[in-house]
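To start, the structure under review is shown below, and the notes come after it.
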Amino acid sequence: MSLRDQLRLQSVSNNGSNSGTAAPDAAAAGGTVESLAARRAYQQLKMNVHEKIIDRVELDKLQRLTPEQIRRELAQLVERIVDEDKIPMNEIERRRLSQDVHDEMFGLGPLEPLLADPTVSDILVNTSQHVYVERRGKLEHTDITFFDDAHLMKIIERIVSRVGRRIDESTPMVDARLPDGSRVNAIIPPSAIDGPLVSIRRFAVNPLKVDDMVKNQTFTPAMAQLLEALIKSKLNVLISGGTGSGKTTMLNLLSGFIPGDERIVTIEDAAELQLRQEHVLRLETRPPNIEGKGEISQRSLVRNALRMRPDRIVLGEVRGAEALDMLHAMNTGHEGSMATLHANTPRDALTRLENMVGMAGLSMPIKAMRQQIASAITVVVQASRLSDGRRKLMSIQEITGMEGEIINMQEIFTFKRTGVAEDGTVKGYFCATGVRPKFADRLAAFGLALPDQMFDPARRYEV
């Protein structure tokens, strides 16, 4: 595809015209007929100006310009076209049109304002006419739309082509990453029945720090002190939680406690971790190509990581057979390693881990499998997103060993719900359970002894 074709967004329809599809039903789109008509008219104007710029622009010259020079060049072209066509627009409207045309040509079109908004954590495109965002844990419907499904498809193709992936009817699902690190999943017809779908998990430019999490009441200062001690004393930690519960954020935070003189290998499906240490080696999986070849799995990366002389291995998310290799690594000298997995409770996390170890195809008695888990993992941290959108550490539990064929666990800190306020805010409190962890002696051996009053259940932190 030529550069000129790549800069075009409006696909030519079967009859050869550049006209879009009919406007959607007003009620379905959540607006009035007048507002929809106005948006539709502006979108058509934008597309027309866009096409004229593509026909006029000198591509060789454009490729030699800096981003700021490109913006100025486009602004001048937009001004010229608006004047030539006698389009009634004031200065503010002209600047907006110039910015929108720039976004269509070089960015992600209508999504660019959302990508520039630091309060947006997720962008969810439910076909071309419905775009949702998540802010502070709550979903909101926006007034942003695409011209039609063809317009949305062009944006999807632009995203995936930048990372060497493809999406079409034979390969209708794809994972990709934006230049800023944001994670993208796209699925198109025939798998997506009503039209193309896009999910973007934003990449935090400035990762949350401990003070931010305490201020947000994700956990308490005492819990933060315990978590820091766990990492610095090289205990293996498993972070459990549901989708959007903040597992990766927590993993990133805990990884920040790893001393800077250690060699760390991170393994992820889509690179999201932002470790600040100098000695970090980042590995990423790769899906198979259209012929089903070339896949690089998490399991192969975990196995390879063991040959890289790591002090610690940080696994973005355990999904399958690599669980067995992760446990082997934790049990054979790679102390202080960490991973996340999807589960609703710490006990469920261990059950899921058992199931994933079973995927490795190794015949192992259930007791032996559980002994591997109990000896490898010291602490399970449970994250959750509450009904009001806030994220909390619901529980910190210690694995204390085996009793028969059962893995024993004891809770150290917990969050207890007490009700819901009139505005929907979940009420509750953090507290210790009164149990002093068995690993306290190890912390003391690392010079990280914790005061007994930290584990006093009478000390409550209301939120």
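Ordering of the structure tokens sets the chain letters (A, B, ...), residue numbers begin anew at 1 in every chain, and ligands are numbered from 1 in the order given.
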Query - Residue set, region 22-122 of chain A restricted to helix (DSSP H, G or I), as a ChimeraX atom specification - result: /A:26-29,33-56,59-63,67-84,91-106,109-115
Report task. Name the residues in contact with region 84-89 of chain A at a cut-off of 12 Å, using only C-alpha atoms, excluding same-chain residues fewer than 4 positions from it; report them as a PyMOL selection string. Result -> chain A and resi 42+45-46+48-49+52+77-80+93-98
Requested in this report: Can you pull out every residue within 12 Å of Asp117 (chain A), counting only C-alpha atoms, but drop anything in the same chain fewer than 2 positions away, and send it as a PyMOL selection string?
Outcome: chain A and resi 111-115+119-123+133-135+202-205
Query raised in the report: Near region 223-234 of chain A, within 9 Å and counting only C-alpha atoms, which residues show up once chain neighbours fewer than 3 positions away are dropped, as a ChimeraX atom specification?
Result: /A:210,213-214,219-220,237,254-255,257-259,312,334-337,379,396,413,432,439,442-450,454
Using N, CA and C atoms, can you write the selected residues to a file as a PDB file, in the first residue's frame?
```pdb
ATOM      1  N   VAL A 210       3.571   4.241  45.780  1.00  0.00           N
ATOM      2  CA  VAL A 210       2.954   3.769  47.020  1.00  0.00           C
ATOM      3  C   VAL A 210       2.101   4.861  47.647  1.00  0.00           C
ATOM      4  N   MET A 213      -1.227   5.144  45.995  1.00  0.00           N
ATOM      5  CA  MET A 213      -2.137   4.038  46.311  1.00  0.00           C
ATOM      6  C   MET A 213      -2.715   4.190  47.716  1.00  0.00           C
ATOM      7  N   VAL A 214      -1.890   4.654  48.645  1.00  0.00           N
ATOM      8  CA  VAL A 214      -2.384   4.888  50.010  1.00  0.00           C
ATOM      9  C   VAL A 214      -3.389   6.035  50.000  1.00  0.00           C
ATOM     10  N   PHE A 219      -4.790   0.532  49.642  1.00  0.00           N
ATOM     11  CA  PHE A 219      -4.343  -0.220  50.809  1.00  0.00           C
ATOM     12  C   PHE A 219      -3.851   0.774  51.850  1.00  0.00           C
ATOM     13  N   THR A 220      -3.467   0.281  53.026  1.00  0.00           N
ATOM     14  CA  THR A 220      -3.068   1.140  54.141  1.00  0.00           C
ATOM     15  C   THR A 220      -1.548   1.273  54.204  1.00  0.00           C
ATOM     16  N   VAL A 237       5.717 -13.938  45.417  1.00  0.00           N
ATOM     17  CA  VAL A 237       4.383 -13.358  45.585  1.00  0.00           C
ATOM     18  C   VAL A 237       3.533 -13.627  44.351  1.00  0.00           C
ATOM     19  N   LEU A 254       5.007  -3.364  43.100  1.00  0.00           N
ATOM     20  CA  LEU A 254       5.847  -4.249  43.905  1.00  0.00           C
ATOM     21  C   LEU A 254       7.218  -4.441  43.265  1.00  0.00           C
ATOM     22  N   SER A 255       7.258  -4.481  41.940  1.00  0.00           N
ATOM     23  CA  SER A 255       8.543  -4.638  41.253  1.00  0.00           C
ATOM     24  C   SER A 255       9.474  -3.464  41.537  1.00  0.00           C
ATOM     25  N   PHE A 257      10.122  -2.249  44.285  1.00  0.00           N
ATOM     26  CA  PHE A 257      10.851  -2.477  45.534  1.00  0.00           C
ATOM     27  C   PHE A 257      12.078  -3.368  45.339  1.00  0.00           C
ATOM     28  N   ILE A 258      12.234  -3.965  44.164  1.00  0.00           N
ATOM     29  CA  ILE A 258      13.381  -4.840  43.919  1.00  0.00           C
ATOM     30  C   ILE A 258      14.660  -3.996  43.896  1.00  0.00           C
ATOM     31  N   PRO A 259      15.689  -4.389  44.634  1.00  0.00           N
ATOM     32  CA  PRO A 259      16.943  -3.618  44.637  1.00  0.00           C
ATOM     33  C   PRO A 259      17.519  -3.456  43.234  1.00  0.00           C
ATOM     34  N   ARG A 312      15.623 -12.611  39.591  1.00  0.00           N
ATOM     35  CA  ARG A 312      14.169 -12.737  39.758  1.00  0.00           C
ATOM     36  C   ARG A 312      13.513 -12.808  38.385  1.00  0.00           C
ATOM     37  N   HIS A 334      15.400 -18.867  42.330  1.00  0.00           N
ATOM     38  CA  HIS A 334      14.990 -17.559  41.812  1.00  0.00           C
ATOM     39  C   HIS A 334      13.984 -16.940  42.778  1.00  0.00           C
ATOM     40  N   GLU A 335      14.453 -16.684  43.991  1.00  0.00           N
ATOM     41  CA  GLU A 335      13.580 -16.163  45.044  1.00  0.00           C
ATOM     42  C   GLU A 335      13.184 -14.722  44.745  1.00  0.00           C
ATOM     43  N   GLY A 336      12.026 -14.346  45.256  1.00  0.00           N
ATOM     44  CA  GLY A 336      11.549 -12.989  45.041  1.00  0.00           C
ATOM     45  C   GLY A 336      10.869 -12.798  43.706  1.00  0.00           C
ATOM     46  N   SER A 337      10.517 -13.897  43.055  1.00  0.00           N
ATOM     47  CA  SER A 337       9.816 -13.794  41.772  1.00  0.00           C
ATOM     48  C   SER A 337       8.341 -13.495  42.001  1.00  0.00           C
ATOM     49  N   VAL A 379       3.173 -15.762  49.518  1.00  0.00           N
ATOM     50  CA  VAL A 379       2.075 -14.825  49.769  1.00  0.00           C
ATOM     51  C   VAL A 379       1.199 -14.696  48.528  1.00  0.00           C
ATOM     52  N   ILE A 396      -4.389 -10.040  52.021  1.00  0.00           N
ATOM     53  CA  ILE A 396      -3.012 -10.513  51.919  1.00  0.00           C
ATOM     54  C   ILE A 396      -2.940 -11.794  52.736  1.00  0.00           C
ATOM     55  N   PHE A 413      -3.948  -9.450  56.379  1.00  0.00           N
ATOM     56  CA  PHE A 413      -4.728  -8.212  56.278  1.00  0.00           C
ATOM     57  C   PHE A 413      -5.957  -8.480  55.424  1.00  0.00           C
ATOM     58  N   ALA A 432      -5.926  -5.653  60.268  1.00  0.00           N
ATOM     59  CA  ALA A 432      -5.151  -6.885  60.397  1.00  0.00           C
ATOM     60  C   ALA A 432      -6.043  -7.933  61.036  1.00  0.00           C
ATOM     61  N   PHE A 439       6.466 -15.880  58.128  1.00  0.00           N
ATOM     62  CA  PHE A 439       7.654 -15.344  57.461  1.00  0.00           C
ATOM     63  C   PHE A 439       8.248 -14.140  58.190  1.00  0.00           C
ATOM     64  N   ARG A 442      11.922 -14.393  58.770  1.00  0.00           N
ATOM     65  CA  ARG A 442      12.748 -14.146  57.581  1.00  0.00           C
ATOM     66  C   ARG A 442      12.914 -12.643  57.358  1.00  0.00           C
ATOM     67  N   LEU A 443      11.832 -11.893  57.550  1.00  0.00           N
ATOM     68  CA  LEU A 443      11.927 -10.445  57.398  1.00  0.00           C
ATOM     69  C   LEU A 443      12.953  -9.878  58.369  1.00  0.00           C
ATOM     70  N   ALA A 444      12.917 -10.367  59.603  1.00  0.00           N
ATOM     71  CA  ALA A 444      13.865  -9.891  60.611  1.00  0.00           C
ATOM     72  C   ALA A 444      15.300 -10.219  60.209  1.00  0.00           C
ATOM     73  N   ALA A 445      15.487 -11.393  59.601  1.00  0.00           N
ATOM     74  CA  ALA A 445      16.830 -11.799  59.169  1.00  0.00           C
ATOM     75  C   ALA A 445      17.369 -10.880  58.079  1.00  0.00           C
ATOM     76  N   PHE A 446      16.464 -10.248  57.313  1.00  0.00           N
ATOM     77  CA  PHE A 446      16.862  -9.290  56.282  1.00  0.00           C
ATOM     78  C   PHE A 446      16.918  -7.862  56.827  1.00  0.00           C
ATOM     79  N   GLY A 447      16.774  -7.724  58.146  1.00  0.00           N
ATOM     80  CA  GLY A 447      16.785  -6.401  58.753  1.00  0.00           C
ATOM     81  C   GLY A 447      15.504  -5.632  58.530  1.00  0.00           C
ATOM     82  N   LEU A 448      14.398  -6.364  58.329  1.00  0.00           N
ATOM     83  CA  LEU A 448      13.105  -5.737  58.010  1.00  0.00           C
ATOM     84  C   LEU A 448      12.036  -6.133  59.025  1.00  0.00           C
ATOM     85  N   ALA A 449      12.428  -6.229  60.282  1.00  0.00           N
ATOM     86  CA  ALA A 449      11.488  -6.629  61.332  1.00  0.00           C
ATOM     87  C   ALA A 449      10.314  -5.655  61.395  1.00  0.00           C
ATOM     88  N   LEU A 450       9.110  -6.202  61.527  1.00  0.00           N
ATOM     89  CA  LEU A 450       7.892  -5.396  61.584  1.00  0.00           C
ATOM     90  C   LEU A 450       7.374  -5.351  63.018  1.00  0.00           C
ATOM     91  N   MET A 454       1.538  -3.671  64.297  1.00  0.00           N
ATOM     92  CA  MET A 454       1.055  -3.664  62.913  1.00  0.00           C
ATOM     93  C   MET A 454      -0.027  -4.712  62.706  1.00  0.00           C
TER      94      MET A 454
END
```
Non-local contacts of region 127-132 of chain A (7 Å; only C-alpha atoms; under 6 positions in same chain excluded) as a PDB file with C-alpha atoms, in the first residue's frame:
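The resulting file, selection-v4.pdb, is reproduced below:
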```pdb
ATOM      1  CA  ALA A  29     -26.894   6.454  19.389  1.00  0.00           C
ATOM      2  CA  LEU A 139     -17.679   3.330  32.331  1.00  0.00           C
ATOM      3  CA  GLU A 140     -18.960   6.395  30.471  1.00  0.00           C
ATOM      4  CA  HIS A 141     -20.549   6.670  27.025  1.00  0.00           C
ATOM      5  CA  THR A 142     -18.941   9.352  24.850  1.00  0.00           C
ATOM      6  CA  ILE A 144     -17.371  10.214  19.742  1.00  0.00           C
ATOM      7  CA  THR A 145     -18.256   8.239  16.613  1.00  0.00           C
ATOM      8  CA  PHE A 146     -16.570   7.072  13.435  1.00  0.00           C
ATOM      9  CA  ASP A 148     -18.810   4.276   9.408  1.00  0.00           C
ATOM     10  CA  ASP A 149     -17.387   0.785   9.889  1.00  0.00           C
ATOM     11  CA  LEU A 152     -13.085   2.286  11.947  1.00  0.00           C
ATOM     12  CA  ASP A 194     -22.395  -6.230  14.613  1.00  0.00           C
ATOM     13  CA  GLY A 195     -19.197  -4.615  13.383  1.00  0.00           C
ATOM     14  CA  PRO A 196     -15.555  -4.026  14.373  1.00  0.00           C
ATOM     15  CA  LEU A 197     -14.724  -3.886  18.100  1.00  0.00           C
TER      16      LEU A 197
END
```
Report task. Output as a VMD selection string all residues of region 47-148 of chain A that backbone DSSP marks as strand (DSSP E). Result -> chain A and resid 120 to 126 131 to 135 138 to 141
Restricted to C-alpha atoms, what would the selected residues look like written as a tab-separated table (two decimals), in the first residue's frame?
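Written file, out-v8.tsv:
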```
chain	number	residue	atom	x	y	z
A	120	VAL	CA	-9.05	7.74	30.67
A	121	SER	CA	-7.82	4.25	31.61
A	122	ASP	CA	-9.72	2.21	28.99
A	123	ILE	CA	-11.20	3.02	25.57
A	124	LEU	CA	-13.88	0.61	24.35
A	125	VAL	CA	-15.18	0.90	20.78
A	126	ASN	CA	-18.43	-1.03	20.36
A	131	VAL	CA	-17.39	4.57	22.08
A	132	TYR	CA	-17.07	4.13	25.85
A	133	VAL	CA	-14.28	5.10	28.23
A	134	GLU	CA	-13.41	4.14	31.77
A	135	ARG	CA	-12.58	6.94	34.18
A	138	LYS	CA	-16.55	3.72	35.95
A	139	LEU	CA	-17.68	3.33	32.33
A	140	GLU	CA	-18.96	6.39	30.47
A	141	HIS	CA	-20.55	6.67	27.03
```
Query - Exercise: region 295-306 of chain A partners within 10 Å, only C-alpha atoms, chain neighbours under 2 positions left out, as number ranges by chain - result: A: 264-269, 281, 283-289, 292-293, 308-326, 328-329, 332, 334, 360
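Checking A:Val174, A:Ala222, A:Ala75, A:Val280 one by one against Ser199 (chain A), counting only C-alpha atoms, you find the shortest gap at A:Val174.
The coordinates place CA of Asp180 (chain A) at 26.9 Å from CA of Asp60 (chain A).
CA of Met330 (chain A) is found 5.3 Å from CA of Ala376 (chain A).
Considering only C-alpha atoms, the residue among A:Met173, A:Ala343, A:Ala186, A:Val163 positioned nearest to Arg201 (chain A) is A:Ala186.
For the residues A:Gly109, A:Gly401, A:Pro67, A:Pro457, ranking by smallest atom-to-atom distance to Met47 (chain A) using only C-alpha atoms places A:Gly109 first.
Shortest separation to Leu251 (chain A) among A:Glu272, A:Glu104, A:Glu462, A:Glu73 occurs at residue A:Glu272, atoms counted being only C-alpha atoms.
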Requested in this report: Return the single residue from A:Ser170, A:Gln397, A:Thr249, A:Ser240 that is closest to Thr218 (chain A), with distances computed using only C-alpha atoms.
Outcome: A:Thr249
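Distances here use only C-alpha atoms; by that measure, the residue among A:Lys247, A:Arg166, A:Lys416, A:His102 closest to Ser395 (chain A) is A:Lys416.
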Report task. Could you check how far CA of Glu58 (chain A) sits from CA of Arg162 (chain A), in Å to one decimal? Result -> 22.6 Å
